[in-house]
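Source file: protein39.cif (mmCIF, C-alpha atoms)
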data_upload
#
loop_
_atom_site.label_atom_id
_atom_site.label_comp_id
_atom_site.auth_asym_id
_atom_site.auth_seq_id
_atom_site.Cartn_x
_atom_site.Cartn_y
_atom_site.Cartn_z
CA MET A 1 38.10 7.01 56.54
CA SER A 2 38.54 3.30 57.21
CA GLY A 3 35.42 2.25 55.26
CA ARG A 4 36.27 4.21 52.14
CA PRO A 5 38.33 2.91 49.21
CA ILE A 6 41.42 4.94 48.33
CA ALA A 7 41.04 7.13 45.25
CA THR A 8 43.12 5.05 42.84
CA THR A 9 41.08 1.89 43.48
CA ARG A 10 37.68 3.53 42.90
CA SER A 11 36.07 2.41 39.66
CA ALA A 12 33.47 5.01 38.75
CA SER A 13 34.40 4.61 35.07
CA GLY A 14 34.23 0.81 35.08
CA MET A 15 37.92 0.43 35.86
CA PRO A 16 40.12 1.53 38.77
CA THR A 17 40.82 5.25 38.54
CA GLY A 18 44.57 4.64 38.80
CA LEU A 19 44.44 2.34 35.77
CA LEU A 20 42.37 4.89 33.87
CA ALA A 21 45.05 7.51 34.62
CA VAL A 22 47.77 5.19 33.32
CA TRP A 23 45.83 4.69 30.07
CA TRP A 24 45.45 8.46 29.83
CA VAL A 25 49.24 8.81 30.09
CA ILE A 26 49.70 6.10 27.46
CA VAL A 27 47.35 7.79 24.97
CA SER A 28 49.32 11.05 25.43
CA GLU A 29 52.54 9.13 24.91
CA ILE A 30 51.19 7.60 21.69
CA VAL A 31 50.89 11.10 20.24
CA ILE A 32 54.36 12.11 21.51
CA PHE A 33 56.19 9.02 20.25
CA GLY A 34 53.92 8.85 17.19
CA GLY A 35 54.95 12.38 16.21
CA LEU A 36 58.61 11.58 16.69
CA LEU A 37 58.53 8.30 14.80
CA GLY A 38 56.23 9.74 12.11
CA SER A 39 58.73 12.57 11.51
CA TYR A 40 61.56 10.05 11.36
CA ILE A 41 59.68 7.99 8.75
CA MET A 42 58.94 11.11 6.65
CA TYR A 43 62.58 12.21 6.58
CA ARG A 44 63.82 8.68 6.07
CA LEU A 45 61.61 8.22 3.00
CA ALA A 46 62.61 11.62 1.61
CA HIS A 47 66.37 11.15 2.08
CA ASP A 48 67.99 8.02 0.69
CA ALA A 49 71.30 9.04 2.29
CA TRP A 50 69.89 8.04 5.68
CA THR A 51 70.16 4.39 4.65
CA ALA A 52 73.96 4.71 4.69
CA GLU A 53 73.85 6.33 8.14
CA ALA A 54 71.50 3.67 9.53
CA ALA A 55 73.98 1.00 8.40
CA HIS A 56 76.21 2.04 11.31
CA THR A 57 73.71 1.00 14.01
CA ASN A 58 74.31 -2.42 15.54
CA THR A 59 71.38 -4.80 14.87
CA TRP A 60 72.58 -7.41 17.39
CA ILE A 61 72.70 -4.90 20.23
CA GLY A 62 69.20 -3.69 19.30
CA ALA A 63 67.92 -7.28 19.12
CA PHE A 64 69.44 -8.13 22.49
CA ASN A 65 67.78 -5.11 24.08
CA THR A 66 64.46 -6.14 22.49
CA LEU A 67 64.83 -9.59 24.06
CA VAL A 68 65.61 -7.97 27.43
CA LEU A 69 62.51 -5.75 27.30
CA LEU A 70 60.23 -8.60 26.16
CA SER A 71 61.52 -10.74 29.04
CA SER A 72 61.06 -7.93 31.55
CA SER A 73 57.48 -7.52 30.28
CA LEU A 74 56.90 -11.22 30.95
CA ALA A 75 58.13 -10.73 34.53
CA ALA A 76 55.85 -7.68 34.89
CA VAL A 77 52.72 -9.51 33.75
CA LEU A 78 53.54 -12.50 36.00
CA ALA A 79 53.97 -10.02 38.87
CA HIS A 80 50.50 -8.67 38.07
CA ARG A 81 49.06 -12.19 38.21
CA ALA A 82 50.78 -12.82 41.55
CA ALA A 83 49.45 -9.49 42.91
CA GLU A 84 45.91 -10.40 41.85
CA ALA A 85 46.30 -13.66 43.74
CA GLY A 86 47.33 -11.63 46.79
CA ASP A 87 50.89 -13.00 46.74
CA GLY A 88 52.82 -9.78 47.40
CA ARG A 89 56.09 -11.60 48.03
CA LYS A 90 56.04 -13.27 44.60
CA ALA A 91 54.96 -10.01 42.95
CA HIS A 92 57.87 -8.26 44.68
CA HIS A 93 60.31 -10.92 43.46
CA LEU A 94 59.04 -10.71 39.85
CA LEU A 95 59.06 -6.91 39.88
CA TRP A 96 62.75 -6.98 40.75
CA TRP A 97 63.31 -9.15 37.67
CA THR A 98 61.52 -6.47 35.65
CA PHE A 99 63.73 -3.87 37.32
CA ALA A 100 66.82 -5.91 36.41
CA GLY A 101 65.64 -6.01 32.79
CA GLY A 102 65.30 -2.21 32.73
CA VAL A 103 68.74 -1.71 34.26
CA THR A 104 70.28 -4.15 31.76
CA PHE A 105 68.59 -2.30 28.91
CA LEU A 106 70.03 1.03 30.06
CA CYS A 107 73.53 -0.42 30.61
CA VAL A 108 73.55 -1.93 27.11
CA LYS A 109 72.29 1.37 25.71
CA ALA A 110 75.08 3.26 27.51
CA VAL A 111 77.74 0.92 26.06
CA GLU A 112 76.18 1.16 22.59
CA TRP A 113 76.11 4.96 22.66
CA SER A 114 79.70 5.13 23.95
CA ILE A 115 80.85 3.06 20.97
CA GLU A 116 78.88 5.22 18.54
CA ILE A 117 80.03 8.53 20.03
CA ARG A 118 83.66 7.34 19.99
CA ALA A 119 83.20 6.47 16.31
CA GLY A 120 82.14 10.08 15.69
CA TYR A 121 78.37 9.62 15.45
CA THR A 122 77.01 12.28 17.80
CA LEU A 123 73.73 14.13 18.24
CA ALA A 124 75.06 16.92 16.01
CA SER A 125 76.57 14.73 13.26
CA ASN A 126 73.52 14.98 10.98
CA THR A 127 69.73 14.77 11.06
CA PHE A 128 69.68 10.95 11.14
CA TRP A 129 71.79 10.80 14.28
CA SER A 130 69.78 13.65 15.83
CA PHE A 131 66.63 11.56 15.38
CA TYR A 132 68.41 8.42 16.54
CA TYR A 133 69.59 9.91 19.84
CA THR A 134 66.36 11.83 20.43
CA ALA A 135 64.06 8.84 19.86
CA ALA A 136 66.23 6.30 21.70
CA GLY A 137 67.01 8.85 24.43
CA LEU A 138 63.36 9.73 25.04
CA HIS A 139 62.59 6.02 25.22
CA ALA A 140 65.50 5.45 27.63
CA LEU A 141 64.12 8.22 29.88
CA HIS A 142 60.82 6.33 30.00
CA VAL A 143 62.71 3.16 30.93
CA LEU A 144 64.50 5.08 33.69
CA ALA A 145 61.22 6.48 35.03
CA GLY A 146 59.72 2.98 34.86
CA ILE A 147 62.44 1.27 36.88
CA ILE A 148 62.27 3.95 39.59
CA ILE A 149 58.51 3.42 39.93
CA ILE A 150 58.95 -0.38 39.80
CA ALA A 151 61.41 -0.17 42.71
CA ILE A 152 58.92 1.89 44.75
CA VAL A 153 56.01 -0.49 43.96
CA ALA A 154 58.15 -3.57 44.70
CA ARG A 155 59.05 -2.21 48.15
CA SER A 156 55.39 -1.93 49.15
CA ALA A 157 54.40 -5.19 47.41
CA ILE A 158 56.55 -7.32 49.72
CA ARG A 159 54.44 -6.06 52.63
CA ASN A 160 51.27 -6.85 50.65
CA LEU A 161 50.49 -3.13 50.48
CA GLU A 162 48.99 -1.30 47.46
CA LEU A 163 49.10 -4.43 45.31
CA HIS A 164 46.84 -2.78 42.70
CA ARG A 165 49.84 -0.64 41.76
CA VAL A 166 51.57 -3.72 40.32
CA GLU A 167 49.07 -3.73 37.44
CA LEU A 168 49.44 0.02 36.91
CA ILE A 169 53.22 -0.04 36.54
CA GLY A 170 52.90 -3.23 34.48
CA VAL A 171 50.66 -1.57 31.89
CA TYR A 172 53.07 1.38 31.66
CA TRP A 173 56.04 -0.99 31.30
CA HIS A 174 54.36 -2.95 28.48
CA PHE A 175 53.76 0.33 26.66
CA VAL A 176 57.48 1.14 26.94
CA ASP A 177 58.06 -2.30 25.45
CA VAL A 178 55.63 -1.59 22.57
CA VAL A 179 57.43 1.68 21.74
CA TRP A 180 60.73 -0.20 21.54
CA ILE A 181 59.11 -2.85 19.32
CA PHE A 182 58.61 -0.07 16.74
CA LEU A 183 61.91 1.73 17.37
CA PHE A 184 63.90 -1.47 16.81
CA PRO A 185 63.00 -2.00 13.11
CA LEU A 186 63.13 1.74 12.38
CA LEU A 187 66.62 2.31 13.81
CA TYR A 188 68.27 -1.10 13.48
CA ILE A 189 66.60 -3.22 10.80
CA ALA A 190 65.64 -0.87 7.92
CA LYS A 191 69.09 -0.28 6.41
CA MET B 1 39.30 -9.90 34.70
CA SER B 2 39.20 -13.70 35.05
CA GLU B 3 39.95 -14.19 31.33
CA GLU B 4 43.55 -13.09 31.87
CA HIS B 5 44.13 -16.10 34.14
CA HIS B 6 43.74 -18.44 31.17
CA ILE B 7 46.57 -16.80 29.22
CA ASN B 8 49.81 -18.74 29.09
CA TYR B 9 52.17 -15.77 29.39
CA VAL B 10 55.33 -17.81 28.88
CA LYS B 11 53.92 -19.15 25.59
CA VAL B 12 53.10 -15.58 24.45
CA TRP B 13 56.66 -14.53 25.36
CA ALA B 14 58.09 -17.47 23.39
CA TRP B 15 56.06 -16.37 20.34
CA LEU B 16 57.33 -12.81 20.73
CA VAL B 17 60.94 -14.03 20.89
CA GLY B 18 60.34 -16.22 17.83
CA LEU B 19 58.97 -13.22 15.91
CA LEU B 20 61.98 -11.17 17.03
CA CYS B 21 64.26 -13.81 15.48
CA VAL B 22 62.28 -13.63 12.21
CA SER B 23 62.54 -9.81 12.13
CA VAL B 24 66.33 -10.03 12.63
CA ALA B 25 66.68 -12.76 9.97
CA GLY B 26 64.50 -10.93 7.41
CA PRO B 27 67.13 -8.44 6.14
CA MET B 28 69.61 -11.30 5.57
CA PHE B 29 67.68 -12.23 2.41
CA GLU B 30 68.45 -8.71 1.09
CA ILE B 31 65.02 -8.46 -0.53
CA LYS B 32 63.44 -5.09 0.26
CA VAL B 33 59.85 -6.36 0.43
CA VAL B 34 60.82 -9.22 2.73
CA THR B 35 62.75 -6.80 4.99
CA LEU B 36 59.77 -4.42 5.19
CA ILE B 37 57.31 -7.23 5.98
CA THR B 38 59.54 -8.94 8.53
CA ALA B 39 60.53 -5.65 10.17
CA PHE B 40 57.36 -3.56 10.27
CA GLY B 41 54.69 -6.22 9.72
CA ILE B 42 56.08 -8.27 12.57
CA ALA B 43 56.47 -5.15 14.74
CA GLY B 44 52.72 -4.60 14.32
CA VAL B 45 51.95 -8.21 15.24
CA LYS B 46 54.25 -8.08 18.29
CA ALA B 47 52.71 -4.80 19.47
CA TYR B 48 49.22 -6.30 19.11
CA MET B 49 50.24 -9.39 21.06
CA VAL B 50 51.71 -7.30 23.90
CA ALA B 51 48.67 -4.99 24.00
CA LYS B 52 46.21 -7.91 23.99
CA ASN B 53 47.95 -10.45 26.20
CA PHE B 54 50.10 -8.37 28.56
CA MET B 55 48.18 -5.08 28.74
CA HIS B 56 44.79 -6.88 28.55
CA ILE B 57 43.35 -4.17 26.33
CA ASN B 58 40.78 -6.64 24.98
CA ILE B 59 39.18 -7.11 28.41
CA ALA B 60 39.48 -3.48 29.52
CA PRO B 61 36.35 -1.33 29.16
CA ARG B 62 35.72 -0.54 25.49
CA PHE B 63 36.42 3.18 25.89
CA VAL B 64 40.09 2.35 26.52
CA ALA B 65 40.37 0.93 22.99
CA TYR B 66 38.57 4.05 21.71
CA MET B 67 41.04 6.29 23.55
CA VAL B 68 44.02 4.45 22.09
CA THR B 69 42.47 4.49 18.61
CA THR B 70 41.89 8.25 18.93
CA GLY B 71 45.60 8.74 19.73
CA LEU B 72 46.59 6.66 16.70
CA VAL B 73 44.15 8.50 14.42
CA PHE B 74 45.55 11.88 15.54
CA MET B 75 49.04 10.58 14.86
CA LEU B 76 48.03 9.59 11.31
CA LEU B 77 46.27 12.92 10.73
CA PHE B 78 49.34 14.90 11.80
CA PHE B 79 51.51 12.64 9.65
CA ALA B 80 49.28 13.19 6.60
CA GLY B 81 49.24 16.95 7.22
CA ALA B 82 53.00 17.34 7.61
CA ALA B 83 54.22 14.72 5.11
CA PRO B 84 53.87 16.78 1.90
CA ASP B 85 55.97 19.63 3.35
CA VAL B 86 58.72 17.22 4.36
CA MET B 87 58.70 14.80 1.46
CA GLU B 88 57.98 17.05 -1.56
CA PRO B 89 60.25 19.86 -2.87
CA LYS B 90 57.31 22.01 -4.00
CA GLY B 91 53.55 22.10 -4.29
CA GLU B 92 50.98 24.08 -6.23
CA ASN B 93 51.41 27.31 -4.24
CA TRP B 94 54.58 26.73 -2.26
CA PHE B 95 58.18 25.66 -2.51
CA LYS B 96 60.92 24.62 -0.12
CA PRO B 97 63.67 27.32 -0.03
CA GLY B 98 66.52 24.80 0.03
CA TRP B 99 65.13 22.94 -2.92
CA HIS B 100 64.32 26.26 -4.65
CA GLU B 101 68.03 27.18 -4.53
CA VAL B 102 68.85 23.90 -6.21
CA ASP B 103 66.21 24.66 -8.84
CA ILE B 104 67.68 28.13 -9.49
CA GLN B 105 71.19 26.74 -9.79
CA GLY B 106 69.91 24.09 -12.19
CA ALA B 107 68.09 26.70 -14.26
CA GLU B 108 71.20 28.92 -14.39
CA LYS B 109 73.27 25.97 -15.51
CA GLU B 110 70.76 25.17 -18.23
CA LEU B 111 70.75 28.82 -19.26
CA GLU B 112 74.55 28.86 -19.49
CA GLU B 113 74.49 25.73 -21.60
CA GLY B 114 71.87 27.33 -23.81
CA ILE B 115 74.01 30.47 -24.30
CA PHE B 116 77.05 28.33 -25.05
CA PHE B 117 74.98 26.51 -27.65
CA LYS B 118 73.82 29.84 -29.10
CA ASP B 119 77.45 31.06 -29.34
CA GLN B 120 78.38 27.94 -31.19
CA VAL B 121 75.55 28.54 -33.68
CA ASP B 122 76.56 32.21 -34.14
CA HIS B 123 80.11 31.21 -35.00
#
Any chance you could give the structure as structure tokens?
Amino acid sequence: MSGRPIATTRSASGMPTGLLAVWWVIVSEIVIFGGLLGSYIMYRLAHDAWTAEAAHTNTWIGAFNTLVLLSSSLAAVLAHRAAEAGDGRKAHHLLWWTFAGGVTFLCVKAVEWSIEIRAGYTLASNTFWSFYYTAAGLHALHVLAGIIIIAIVARSAIRNLELHRVELIGVYWHFVDVVWIFLFPLLYIAK
Amino acid sequence: MSEEHHINYVKVWAWLVGLLCVSVAGPMFEIKVVTLITAFGIAGVKAYMVAKNFMHINIAPRFVAYMVTTGLVFMLLFFAGAAPDVMEPKGENWFKPGWHEVDIQGAEKELEEGIFFKDQVDH
């Protein structure tokens, strides 16, 4: 077994199998989030009243969370570079910055939702808020999954083990960032 | 993947933050077209920059781009298929029940107004 590469680092398709699997997940996610956001756009265009509802979302909180995710993506890609250079310690350090970005995002989201729920805007208020909580909630679940995986990868990276995983979680994390890049104008800017 | 080593990631991040500022400032002009361009146009540019520079999609095997494009095409197809049912009250061979009720109420109201008019003529 010692001479064989582990399954996720094989590259029968021209890229490591683990990376191929991550892209597979991402393509599936494009259809899931695409369906959700596409439905939101359809309803939004058909119902002018949603503009008044969207006016209650806080643009500054959304912008701050965008900045947090963009910065955490920077840390993730720098971690990938460090991992490629074989510097597991640096990759570990940068992955924890990415982790911190994800945790910050979720904390801000929790505060934001608390304010909105206290103001009476709940999942059942109307269709706009149903979409709002569903889309942002599904995205937040992806952030949560991402930070758990980042923590696991960071723990092995410090021992210079499984460094190829740093790229895999990085690509997933950037996708989570891309989804938010589209959610931000839909939920916070178009009022 | 040596090409990725030439990318200045901090510079890309600075551009992304700059574009974020523009997308936040856009609605302040209160011009709908400007808001749409700064919000969704810039979102597209930011997504492209992240995909190209952080996800390295441009140096991944070409089939990855095909896979992503396939996902996007399916999304557009489903959107085009469902949009008329969501955005239109009725079509050539169908109607939306909720909207139909509104139509019936409107027709009844018109009918009542017509009868009222007829009564006025009779008297």
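Here CA of Ala60 in chain B and CA of Gly14 in chain A stand 8.8 Å from one another.
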Within 6 Å of chain A: residues of chain B, using all atoms listed in the file, as a PDB file with C-alpha atoms, keeping the file's coordinate frame:
ATOM      1  CA  ALA B  39      60.530  -5.650  10.170  1.00  0.00           C
ATOM      2  CA  ALA B  43      56.470  -5.150  14.740  1.00  0.00           C
ATOM      3  CA  ALA B  47      52.710  -4.800  19.470  1.00  0.00           C
ATOM      4  CA  PHE B  54      50.100  -8.370  28.560  1.00  0.00           C
ATOM      5  CA  MET B  55      48.180  -5.080  28.740  1.00  0.00           C
ATOM      6  CA  VAL B  68      44.020   4.450  22.090  1.00  0.00           C
ATOM      7  CA  GLY B  71      45.600   8.740  19.730  1.00  0.00           C
ATOM      8  CA  MET B  75      49.040  10.580  14.860  1.00  0.00           C
ATOM      9  CA  MET B  87      58.700  14.800   1.460  1.00  0.00           C
TER      10      MET B  87
END
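Among the candidates B:Lys96, B:Arg62, B:Lys52, B:Lys46, the residue lying nearest to Val22 in chain B is B:Lys46 (atoms considered: only C-alpha atoms).
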- request: Step by step, work through what the PyMOL selection byres ((chain A and resi 147) around 8) selects in the shown file, and finish by giving those residues as a VMD selection string.
  value: chain A and resid 98 to 99 102 to 103 143 to 146 148 to 151
Can those selected residues be exported to a file as an mmCIF file, keeping the file's coordinate frame so that it contains C-alpha atoms?
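Now in out-v8.cif:
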data_model
loop_
_atom_site.group_PDB
_atom_site.id
_atom_site.type_symbol
_atom_site.label_atom_id
_atom_site.label_comp_id
_atom_site.auth_asym_id
_atom_site.auth_seq_id
_atom_site.Cartn_x
_atom_site.Cartn_y
_atom_site.Cartn_z
ATOM 1 C CA THR A 98 61.520 -6.470 35.650
ATOM 2 C CA PHE A 99 63.730 -3.870 37.320
ATOM 3 C CA GLY A 102 65.300 -2.210 32.730
ATOM 4 C CA VAL A 103 68.740 -1.710 34.260
ATOM 5 C CA VAL A 143 62.710 3.160 30.930
ATOM 6 C CA LEU A 144 64.500 5.080 33.690
ATOM 7 C CA ALA A 145 61.220 6.480 35.030
ATOM 8 C CA GLY A 146 59.720 2.980 34.860
ATOM 9 C CA ILE A 148 62.270 3.950 39.590
ATOM 10 C CA ILE A 149 58.510 3.420 39.930
ATOM 11 C CA ILE A 150 58.950 -0.380 39.800
ATOM 12 C CA ALA A 151 61.410 -0.170 42.710
#
Check: Quick one: which residues end up in the PyMOL selection byres ((chain B and resi 35) around 10) for this structure, as a ChimeraX atom specification?
Finding: /A:185,189-191 /B:22-34,36-41
What is the CA of Ala91 in chain A-CA of Val68 in chain A distance in Å, reported with one decimal?
->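 Pair CA of Ala91 in chain A / CA of Val68 in chain A returns 18.9 Å.
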Between CA of Phe63 in chain B and CA of His142 in chain A, measure the distance and give it in Å to one decimal.
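Between CA of Phe63 in chain B and CA of His142 in chain A the gap works out to 24.9 Å.
Distance annotation: of A:Ala124, A:Ala110, A:Ile117, A:Ala154, the residue with the minimal separation from Ile61 in chain A is A:Ala110; atom set is only C-alpha atoms.
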Polymer residues at most 12 Å from Asn126 in chain A, only C-alpha atoms, same-chain spacing of 4 or more positions, as a ChimeraX atom specification: /A:49-50,53-54,120-122,130-133
- Task: Step by step, work through what the PyMOL selection byres ((chain A and resi 161) around 12) selects in the shown file, and finish by giving those residues as number ranges by chain.
- Result: A: 83, 86-89, 91-92, 152-160, 162-166
I need every residue sitting at most 8 Å from the point (76.1, 1.5, 17.4) (coordinates as in the file, all atoms listed in the file considered), written as a ChimeraX atom specification. /A:56-58,61,112-113,115-116
